[in-house]
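*Asks:* Attaching a single structure in structure tokens format; questions to follow.
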Amino acid sequence: MSEGEIDLEQTSANQAAAPKKGRLASLQAWFKSPLVLVGVGAIVIVGGFFGFRYWQDVSSKVFIETSEIYAPVTSLGPDSSGILREVYVKEGDHVTAGQPLFNVSGRITTSMTPGIITSVQNTPGQMETPQSVVVKLYDPAGLRVIGHLQEDQGLSDVRIGQKVLFTLDAYTGKQYQGAVDTISPISDTASVVFSISDARQEKQFDVNVAFDINAYPEIKNGMSAKMWVVK
């Protein structure tokens with residue numbers, strides 16, 4: 001190429017590189033501007049603050065994911081064999097102590113405690129024996145949140161009387177409060193899990209939480225729950 005000729009390829013490359021350098025310089029200048037530096041600093045501070053609060057909240061509670069609402073269910077049948085004549089209650093009824101439940105051959109069985117009827121075998125004319133179950137009920141006063149806690153997941157930090165926060169799958173977004181009532185003295189042998197790291201058996205223990213049933217009338221036996229025990 002002669003001295004007077006123009007290198008078109010080089011010129012095009014220089015022209016293409018010039019805007020890129022300009023954009024890079026502008027971007028560097030933008031990052032160095034006081035407003036941007038203040039904004040980035042604020043984001044870091046706020047993120048650190050909420051990160052610390054999250055860590056503090058997590059470290060101050062024992063989370064028990066596998067939990068449910070439970071109350072012992074009482075099964076009632078006749079004292080002696082006979083023909084079922086009549087049943088006086090139906091599923092879902094609230095009964096009081098001493099309320100008649102059913103009649104077998106003229107002998108009326110009553111409820112020993114207040115309760116909610118969960119099941120009724122209403123078959124008049126059928127022979128019933130002391131082994132028969134005609135009515136099932138549970139006492140709402142016996143409702144507890146039962147959490148199944150693996151022994152290496154914070155069991156040593158759980159104490160009777162500690163405050164507990166819990167949620168129910170049936171009522172998303174609502175939080176309830178209770179207190180640790182009892183901790184099972186023996187493990188739940190049906191819920192043994194294995195630690196992958198060392199193939200050891202990790203046993204689970206039941207944490208029972210009492211709550212004010214009058215404050216939470218919507219809570220029903222058998223509901224699924226999650227709980228957080230405040231250390």
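Residues in the structure tokens are named by chain (A, B, ... in the order shown) and by number from 1 within that chain; ligands are numbered from 1 in the order shown.
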If we count only C-alpha atoms and set the cut-off at 9 Å, which residues sit around Ala170 of chain A, ignoring sequence neighbours fewer than 3 positions away in its own chain? Please answer as an MDAnalysis selection string.
*Replies:* chainID A and resid 167 223:225
*Asks:* Would you kindly return, as a PyMOL selection string, each protein, DNA or RNA residue with an atom no farther than 7 Å from any atom of Leu84 of chain A, considering only C-alpha atoms and excluding same-chain residues fewer than 3 positions away?
*Replies:* chain A and resi 103-105+124-128
*Asks:* With C-alpha atoms retained, could you export that selection as a PDB file, in the first residue's frame?
*Replies:*
```pdb
ATOM      1  CA  ASN A 103     -78.908 -47.274  73.334  1.00  0.00           C
ATOM      2  CA  VAL A 104     -78.095 -50.999  73.252  1.00  0.00           C
ATOM      3  CA  SER A 105     -80.929 -53.272  74.442  1.00  0.00           C
ATOM      4  CA  PRO A 124     -79.931 -49.962  64.455  1.00  0.00           C
ATOM      5  CA  GLY A 125     -80.872 -53.617  64.761  1.00  0.00           C
ATOM      6  CA  GLN A 126     -77.273 -54.816  64.652  1.00  0.00           C
ATOM      7  CA  MET A 127     -75.788 -56.946  67.415  1.00  0.00           C
ATOM      8  CA  GLU A 128     -73.120 -55.049  69.369  1.00  0.00           C
TER       9      GLU A 128
END
```
*Asks:* For Ile64 of chain A, work out the shell of residues within 10 Å, counting only C-alpha atoms and skipping chain neighbours fewer than 2 positions away, then give it as a list in words.
*Replies:*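 Surrounding residues, per the criterion: Lys61, Val62, Thr66, Ser67, Ile146, Gly147, His148, Leu149, Gln150, Gln153, Gly154, Leu155, Phe166, Val207, Ala225, Lys226, Met227, Trp228 and Val229 of chain A.
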*Asks:* For Ile108 of chain A, find every residue with an atom within 12 Å (counting only C-alpha atoms), except residues of its own chain fewer than 3 positions away, and show them as a list of chain:residue names.
*Replies:*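 The neighbour list is A:Leu76, A:Gly77, A:Pro78, A:Asp79, A:Ser80, A:Gly82, A:Ile83, A:Leu84, A:Arg85, A:Glu86, A:Val87, A:Tyr88, A:Gly98, A:Gln99, A:Pro100, A:Leu101, A:Phe102, A:Asn103, A:Val104, A:Ser105, A:Ser111.
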*Asks:* Could you check the closest approach to Pro130 of chain A for each of A:Thr109, A:Ser59, A:Glu91, A:Ile213 and tell me which residue wins, using only C-alpha atoms?
*Replies:*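 Using only C-alpha atoms, the shortest distance to Pro130 of chain A belongs to A:Thr109.
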*Asks:* Grab the atom CA of His94 of chain A to atom CA of Ile116 of chain A distance for me, in Å with one decimal place.
*Replies:*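 Atom CA of His94 of chain A sits 4.6 Å away from atom CA of Ile116 of chain A.
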*Asks:* If you run DSSP on this backbone, which residues of segment 43-133 of chain A come out as helix (DSSP H, G or I), and could you give them as a ChimeraX atom specification?
*Replies:* /A:43-59
*Asks:* Using DSSP on the backbone coordinates, identify the residues of segment 85-148 of chain A assigned to strand (DSSP E or B); present them as a PyMOL selection string.
*Replies:* chain A and resi 85-87+94-95+100-104+107-110+115-120+127-128+135-138+144-148
*Asks:* Neighbours of segment 214-217 of chain A within 12 Å (only C-alpha atoms; same-chain residues fewer than 2 positions away dropped), as number ranges by chain?
*Replies:* A: 140-141, 143, 167-168, 171, 174-178, 210-212, 219-221
*Asks:* Using the selection just defined, write its residues with C-alpha atoms as a PDB file, in the first residue's frame.
*Replies:*
```pdb
ATOM      1  CA  PRO A 140     -60.841 -30.507  72.486  1.00  0.00           C
ATOM      2  CA  ALA A 141     -59.099 -29.675  75.774  1.00  0.00           C
ATOM      3  CA  LEU A 143     -55.596 -30.894  71.586  1.00  0.00           C
ATOM      4  CA  THR A 167     -48.563 -22.317  61.550  1.00  0.00           C
ATOM      5  CA  LEU A 168     -51.210 -24.528  59.970  1.00  0.00           C
ATOM      6  CA  TYR A 171     -54.659 -21.309  57.252  1.00  0.00           C
ATOM      7  CA  LYS A 174     -51.716 -16.962  60.102  1.00  0.00           C
ATOM      8  CA  GLN A 175     -49.434 -17.598  63.064  1.00  0.00           C
ATOM      9  CA  TYR A 176     -50.417 -19.197  66.379  1.00  0.00           C
ATOM     10  CA  GLN A 177     -48.764 -19.301  69.775  1.00  0.00           C
ATOM     11  CA  GLY A 178     -48.356 -21.956  72.452  1.00  0.00           C
ATOM     12  CA  ALA A 210     -50.283 -26.737  74.466  1.00  0.00           C
ATOM     13  CA  PHE A 211     -52.283 -23.729  73.244  1.00  0.00           C
ATOM     14  CA  ASP A 212     -55.442 -21.817  74.135  1.00  0.00           C
ATOM     15  CA  ILE A 219     -58.016 -25.593  64.962  1.00  0.00           C
ATOM     16  CA  LYS A 220     -59.157 -29.172  64.368  1.00  0.00           C
ATOM     17  CA  ASN A 221     -57.745 -32.580  65.180  1.00  0.00           C
TER      18      ASN A 221
END
```
*Asks:* What does the distance between atom CA of Asp188 of chain A and atom CA of Lys203 of chain A come to in Å, to one decimal place?
*Replies:*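 Taking atom CA of Asp188 of chain A and atom CA of Lys203 of chain A, their separation equals 6.9 Å.
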*Asks:* For the atom pair atom CA of Gly161 of chain A and atom CA of Pro72 of chain A, what is the interatomic distance in Å to one decimal place?
*Replies:*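 Pair atom CA of Gly161 of chain A / atom CA of Pro72 of chain A returns 21.6 Å.
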*Asks:* Choose the residue, out of A:Tyr138, A:Gln131, A:Asp169, A:Asp93, that has the smallest atom-to-atom separation from Gly115 of chain A; count only C-alpha atoms.
*Replies:*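 For Gly115 of chain A, the nearest of the given residues is A:Tyr138.
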